[in-house]
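This report refers to the structure that appears directly beneath it.
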Amino acid sequence: MGKLSSVSVSAVLLLTLALLILKAPGSSRWRKGAAVSDEQESFCTSRQRELANALEGRVEEIIRYQDVHWERPVSLPEPSSHFQESSLGRAQAGGDVFNKKTRRAVGNLSKGTVGCNDFRNITGIEFLGSGYTKTVLKGTLQDGTAVALKTVNSQGDEVKRCLQRYGQQRDCFRLAAYKIIKEMILLQKLQHPNIIQLYGQCYSGSLQDGPVITAVVEQGAPVEMIQLLQTPWEERFRICLSLMKLLHYLAHSPLGSVLLLDFQPRQFVLVDGELKVTDLDDVSTEELPCTTDSDCVIEFPTRSFSLRCAADGKCHKINEKRNLYNAFRFFLTYLLPYGAPSTLRPLLWKIMNATGDLQYGINETLEAFEEVLYLYKSGLPRINYSQSWLEDYKIYEGFRIHDNLDYKCWPSYNHQGCLLSVHNTEEAAAICHSQQQCQSSTFTQQKTWLGRYLVSFRSSTKLVLDSNSTVYMKSRSLRATM
């Protein structure tokens, strides 16, 4: 059942959500005043149909994704007479069919998932952010799990622009709500370690009168590029590798090749060092149709590429290629090559050139990343087998260096000192030899995500007892302290 369960909303949380998503004024009318001309009435009817078509389009999209593995939905209440007599109900031919499709989409989403009752146990609810469609809160479940709560942003641009054009508060709210429903269904269908996890959802109200839809998802930290540029290369490589694994999955997903339409760093979060996409409301599984190769040009702000028109009348792997080049320009360019071990740089620049020119597809790119991962994990990049510096060091098991703060180096895991990852004691000795200030290195039980040792390099030589540490001290440093 996941992280949540049950079916009712606590008064406190519901009030919090209501304040954020129910601020809009009362229902609007298409025209105020006494008489309305035939021309104005025709204009209003046209706008009504336009909005009805937009709603129908979103519902059809939800159904299309849901039908990949269809199960009988949990039934929802029949539409109210108020809705059947509304402008949307009249404007949409077969309005009741429209409502059945809507109930089918949300009803199937509710089957076997979790809901509102556990909201009463969510603590520490705070505003996290808001965007075009959604408001996001953060909180903590009873078991300590950090979660994000996504709801419709009634003050967001999507609802505001809809209101300006159509003047229908209820239907504009529904239009945005369907986008959240779409995202929840996609999070159910697309399960991958680099896609944010859906823990559950809460649905209250009616679809006809403005549903309150809340998605409960895994919480992550926003991607801050300036901060990432100051992190060790190993962590930046992990982020890039996470992204390649994600794009490989999206290219071969159960829904087909998935394109991230709004590919920006803000659409991603970091969870325990892993990059995860957190917004799936703006995606497409449609490949661009074509008749000739000239129809398959993809353009970016500084580059354009021509792909071939495949025999099935679709531009060959266009979604995959768009995702890959966006990954190159938003992530790889900044995070991948700089500060890398010198022996890996030729491989990394080969990856950069191939992705930057779209010579590689995602399969080849991921294979290249895995080759880099193997070499780095095996310790090959830095070890100089022609010279062993380890014989110049005295080993002190069960000790550590006394001083907490020492000289700084870059890129360090601790910005107040020199804490680096190494493959083994040989690599640590070589690094210490290359740093003029270094007189000792301390191994602890800390390791990186790859199992490499985190080692503290110090200029100090004062030893204190610590059963979890081992110090390697330069022999000449030892003689100087005697």
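Scheme for the structure tokens: letters A, B, ... for chains in order shown; per-chain residue numbers from 1; ligand numbers from 1 in order shown.
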Find the residues around segment 392-394 of chain A up to 7 Å (only C-alpha atoms counted), leave out those fewer than 6 positions away in its own chain, and share them as a compact mmCIF listing (two decimals) with C-alpha atoms, in the first residue's frame.
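Saved as selection.txt:
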# COMPACT_ATOMS: atom_id res chain seq x y z
CA TYR A 472 49.17 6.82 7.83
CA MET A 473 51.94 9.27 8.76
CA LYS A 474 54.93 10.28 6.67
CA SER A 475 58.14 8.89 8.19
Which of segment 210-449 of chain A DSSP labels helix (DSSP H, G or I), written as number ranges by chain: A: 225-228, 233-251, 265-267, 293-295, 318-335, 342-356, 362-378, 390-392, 425-434
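Around Glu218 of chain A, within 9 Å and counting only C-alpha atoms, the residues found are Thr145, Ala146, Val147, Ala148, Leu149, Ile196, Gln197, Leu198, Tyr199, Val216, Gly220, Val271 and Thr278 of chain A, once anything fewer than 2 positions away on its own chain is removed.
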Residues of segment 330-424 of chain A that approach segment 247-262 of chain A to 9 Å or less, counting only C-alpha atoms: could you list each one with the shortest pair of atoms and its distance in Å to one decimal, rows by chain and increasing residue number, as a Markdown table?
| residue | atom | partner | partner_atom | distance |
| --- | --- | --- | --- | --- |
| A:Ile362 | CA | A:His248 | CA | 5.7 |
| A:Asn363 | CA | A:His248 | CA | 6.7 |
| A:Leu366 | CA | A:His248 | CA | 7.4 |
When you count only C-alpha atoms, which of these residues is closest to Glu427 of chain A: A:Ser154, A:Thr355, A:Asn323, A:Ser388?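 Checking each of A:Ser154, A:Thr355, A:Asn323, A:Ser388 against Glu427 of chain A, counting only C-alpha atoms, the winner is A:Ser388.
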